[in-house]
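What's in data29.cif: mmCIF, C-alpha atoms
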```cif
data_coords
#
loop_
_atom_site.label_atom_id
_atom_site.label_comp_id
_atom_site.auth_asym_id
_atom_site.auth_seq_id
_atom_site.Cartn_x
_atom_site.Cartn_y
_atom_site.Cartn_z
CA MET Z 19 7.99 -16.29 1.00
CA SER Z 20 6.86 -13.39 3.10
CA LEU Z 21 3.40 -11.88 3.10
CA ILE Z 22 4.81 -8.69 1.57
CA SER Z 23 6.41 -10.66 -1.28
CA ASP Z 24 3.13 -12.50 -1.82
CA VAL Z 25 1.21 -9.20 -2.09
CA LEU Z 26 3.77 -7.84 -4.55
CA ASP Z 27 3.42 -11.02 -6.63
CA CYS Z 28 -0.38 -10.64 -6.66
CA LEU Z 29 -0.13 -6.96 -7.60
CA ASN Z 30 2.29 -7.71 -10.42
CA GLU Z 31 0.05 -10.51 -11.64
CA GLU Z 32 -2.81 -8.01 -11.96
CA ARG Z 33 -0.53 -5.54 -13.73
CA SER Z 34 0.69 -8.28 -16.06
CA LYS Z 35 -2.90 -9.00 -17.12
CA ALA Z 36 -3.10 -5.35 -18.20
CA ASN Z 37 0.33 -5.47 -19.93
CA LEU Z 38 1.82 -3.05 -17.40
CA PRO Z 39 5.39 -3.07 -16.06
CA VAL Z 40 6.06 -4.76 -12.74
CA LEU Z 41 6.21 -2.80 -9.52
CA THR Z 42 9.51 -2.69 -7.66
CA GLN Z 43 9.80 -2.34 -3.89
CA ASN Z 44 11.29 0.96 -2.79
CA ASN Z 45 12.69 1.38 0.72
CA LEU Z 46 11.34 4.92 1.15
CA LEU Z 47 7.85 3.85 0.09
CA ILE Z 48 8.09 0.81 2.36
CA GLN Z 49 8.88 3.18 5.23
CA THR Z 50 5.91 5.41 4.33
CA ALA Z 51 3.49 2.49 4.10
CA HIS Z 52 4.77 0.76 7.23
CA GLU Z 53 4.49 3.89 9.35
CA HIS Z 54 0.96 4.54 8.12
CA ALA Z 55 -0.16 0.95 8.79
CA GLU Z 56 1.25 1.23 12.31
CA PHE Z 57 -0.51 4.59 12.78
CA MET Z 58 -3.86 3.12 11.71
CA ASN Z 59 -3.35 0.14 14.00
CA LYS Z 60 -2.45 2.32 16.97
CA ARG Z 61 -5.53 4.48 16.41
CA GLN Z 62 -7.69 1.50 15.37
CA VAL Z 63 -8.95 3.49 12.39
CA LEU Z 64 -8.87 2.92 8.64
CA SER Z 65 -7.95 6.25 7.07
CA HIS Z 66 -5.90 7.98 4.42
CA GLU Z 67 -5.25 10.73 6.97
CA GLY Z 68 -2.15 10.07 9.01
CA SER Z 69 -0.32 11.43 11.99
CA GLY Z 70 -0.88 15.16 12.46
CA GLY Z 71 -3.47 15.13 9.68
CA SER Z 72 -0.85 14.21 7.07
CA THR Z 73 -1.81 13.11 3.57
CA PHE Z 74 -0.12 10.27 1.70
CA ASP Z 75 1.79 12.64 -0.56
CA GLN Z 76 3.11 14.57 2.46
CA ARG Z 77 4.20 11.29 4.07
CA ILE Z 78 6.00 10.19 0.89
CA THR Z 79 7.76 13.55 0.52
CA ALA Z 80 8.82 13.47 4.18
CA THR Z 81 10.89 10.33 3.49
CA GLY Z 82 12.82 12.09 0.73
CA TYR Z 83 11.17 10.30 -2.19
CA HIS Z 84 10.52 12.79 -5.00
CA PHE Z 85 7.62 11.67 -7.18
CA SER Z 86 5.85 12.65 -10.36
CA THR Z 87 2.73 10.71 -9.42
CA ALA Z 88 1.69 8.85 -6.30
CA ALA Z 89 -1.27 7.06 -4.73
CA GLU Z 90 -2.22 5.17 -1.61
CA ASN Z 91 -4.47 2.20 -0.98
CA VAL Z 92 -5.51 1.19 2.53
CA ALA Z 93 -7.47 -1.80 3.74
CA MET Z 94 -8.47 -3.51 6.94
CA GLY Z 95 -9.45 -7.06 7.65
CA ALA Z 96 -7.84 -9.08 4.89
CA VAL Z 97 -5.77 -11.99 6.18
CA SER Z 98 -3.94 -13.00 3.01
CA ALA Z 99 -2.13 -11.46 0.07
CA ALA Z 100 -4.79 -12.65 -2.37
CA GLY Z 101 -7.51 -11.35 -0.07
CA VAL Z 102 -6.20 -7.82 0.22
CA VAL Z 103 -5.42 -7.55 -3.50
CA LYS Z 104 -8.93 -8.81 -4.30
CA MET Z 105 -10.39 -6.15 -1.99
CA TRP Z 106 -8.41 -3.46 -3.80
CA MET Z 107 -9.17 -4.81 -7.27
CA ASP Z 108 -12.91 -4.88 -6.44
CA SER Z 109 -12.77 -1.17 -5.54
CA PRO Z 110 -12.62 1.04 -8.67
CA PRO Z 111 -10.42 3.79 -7.15
CA HIS Z 112 -7.99 1.28 -5.61
CA ARG Z 113 -7.96 -0.76 -8.82
CA ALA Z 114 -7.10 2.40 -10.79
CA ASN Z 115 -4.16 3.06 -8.47
CA ILE Z 116 -2.79 -0.46 -8.95
CA LEU Z 117 -3.27 -0.33 -12.71
CA ASN Z 118 -1.84 3.17 -13.14
CA ALA Z 119 0.65 2.76 -15.97
CA GLN Z 120 2.85 5.55 -14.62
CA VAL Z 121 3.65 4.04 -11.21
CA ARG Z 122 6.78 1.93 -10.93
CA ASP Z 123 7.66 1.80 -7.24
CA VAL Z 124 5.74 0.35 -4.33
CA GLY Z 125 5.84 0.08 -0.57
CA LEU Z 126 3.60 -2.05 1.62
CA GLY Z 127 2.97 -1.85 5.33
CA ILE Z 128 1.03 -4.44 7.32
CA SER Z 129 0.09 -4.13 10.98
CA PRO Z 130 -1.94 -6.56 13.07
CA ALA Z 131 -5.25 -4.96 14.00
CA THR Z 132 -5.25 -6.56 17.42
CA PRO Z 133 -2.29 -8.04 19.27
CA ASP Z 134 -4.37 -11.05 20.35
CA THR Z 135 -5.42 -12.02 16.82
CA PRO Z 136 -2.74 -10.84 14.36
CA GLU Z 137 -3.63 -13.60 11.92
CA VAL Z 138 -7.30 -12.57 11.80
CA SER Z 139 -7.34 -8.85 11.17
CA ARG Z 140 -4.73 -6.52 9.74
CA TYR Z 141 -4.28 -2.93 8.64
CA TRP Z 142 -2.72 -2.60 5.20
CA SER Z 143 -1.16 0.45 3.59
CA LEU Z 144 0.05 0.39 -0.02
CA THR Z 145 2.04 3.31 -1.40
CA LEU Z 146 2.52 3.52 -5.16
CA ALA Z 147 4.63 6.12 -6.96
CA ALA Z 148 6.75 7.06 -9.92
CA PRO Z 149 10.02 8.88 -9.31
CA LEU Z 150 10.44 12.44 -10.50
CA THR Z 151 12.75 12.35 -13.49
#
```

As structure tokens, what does this structure read like?
Amino acid sequence: MSLISDVLDCLNEERSKANLPVLTQNNLLIQTAHEHAEFMNKRQVLSHEGSGGSTFDQRITATGYHFSTAAENVAMGAVSAAGVVKMWMDSPPHRANILNAQVRDVGLGISPATPDTPEVSRYWSLTLAAPLT
């Protein structure tokens, strides 16, 4: 299994505990999250602000995904799927994003924090959303 699949499994396990529907990977949200993780890595900064001062909702919209609700979680330093999900679940705002009953789609981006030690430190970007119906 890939690291992204492992994170999705961990996220869905947490949602299952709360009797929430599973999250499904969405290619547009994957693109959003991947680009933001790469941006943070390039700048060596953990931030919700992206290229050109963009916000997560602007980045999602720019891909063509039309949403009714959306959120973003970022993290730095976790080396495993369980580790990053634990970091997010231990943070009340990030936990609330993961356990938002409205979100259905997800994208995850992971970027090594340093080229010399990609297994030690990573930038993570998680984009969660519900499509506009």

Practice task
Would you list the contacts of Z:Cys28 as a PyMOL selection string, taking every protein, DNA or RNA residue within 9 Å and counting all atoms listed in the file, but skipping same-chain residues closer than 3 positions in sequence?
Solution key: chain Z and resi 23-25+31-33+99-100+103

Exercise for the section: Please tell me which residues are no farther than 7 Å from (1.4, 1.2, -1.9) in the file, counting only C-alpha atoms, and write them as an MDAnalysis selection string. Expected result: chainID Z and resid 51 90:91 124:126 143:146

Exercise for the section: Skip Z:Ser86 itself and residues of its chain fewer than 2 positions away, then list as a PyMOL selection string all residues within 7 Å of it, counting all atoms listed in the file. Expected result: chain Z and resi 88+148-150

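Distance check against Z:His112 using all atoms listed in the file: of Z:Leu38, Z:Glu56, Z:Gly71, Z:Leu29, the minimum falls on Z:Leu29.
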
Practice task
For Z:Phe85, work out the shell of residues within 12 Å, counting all atoms listed in the file and skipping chain neighbours fewer than 5 positions away, then give it as a count of residues only.
Solution key: 21

Problem - Point-to-point distance from atom CA of Z:Gly68 to atom CA of Z:Trp106, Å rounded to tenths - result: 19.7 Å

Practice task
For atom CA of Z:Tyr141 and atom CA of Z:Ala36, determine how far apart the two atoms are, in Å to one decimal place.
Solution key: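 Calculated distance between atom CA of Z:Tyr141 and atom CA of Z:Ala36 is 27.0 Å.
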
Problem - One-decimal distance in Å that lies between atom CA of Z:Val63 and atom CA of Z:Asp108 - result: 21.0 Å

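Counting all atoms listed in the file and comparing Z:Thr81, Z:His52, Z:Val102, Z:Leu26, the residue that lies closest to Z:Val40 is Z:Leu26.
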
Fill in the blank from the handout: If you count only C-alpha atoms, the residue of Z:Met58, Z:Ile116, Z:Ile48, Z:Ala96 closest to Z:Ile22 turns out to be Z:Ile48

Problem - Nearest residue to Z:Arg140 from the set Z:Thr87, Z:Asn37, Z:Pro110, Z:Val92 (distances using only C-alpha atoms) - result: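 So, comparing all the options, the nearest one is Z:Val92.
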
Listed atoms of stretch 117-123 of chain Z boxed along x, y and z, 8 Å each side, centre and edge lengths in Å, one decimal, as lines of an AutoDock Vina configuration file:
```
center_x = 2.2
center_y = 2.6
center_z = -11.6
size_x = 26.9
size_y = 21.9
size_z = 24.7
```

Practice task
Find the residue from Z:Ala93, Z:Asn30, Z:Asn44, Z:Pro39 that sits nearest to Z:Ser65; use all atoms listed in the file when measuring.
Solution key: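 Answer, going by the shortest atom-to-atom distance: Z:Ala93.
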
Exercise for the section: Considering all atoms listed in the file, state which residue in the set Z:Met94, Z:Met107, Z:His84, Z:Leu21 is at the smallest distance from Z:Asn59. Expected result: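 Closest to Z:Asn59 of all the choices is Z:Met94.
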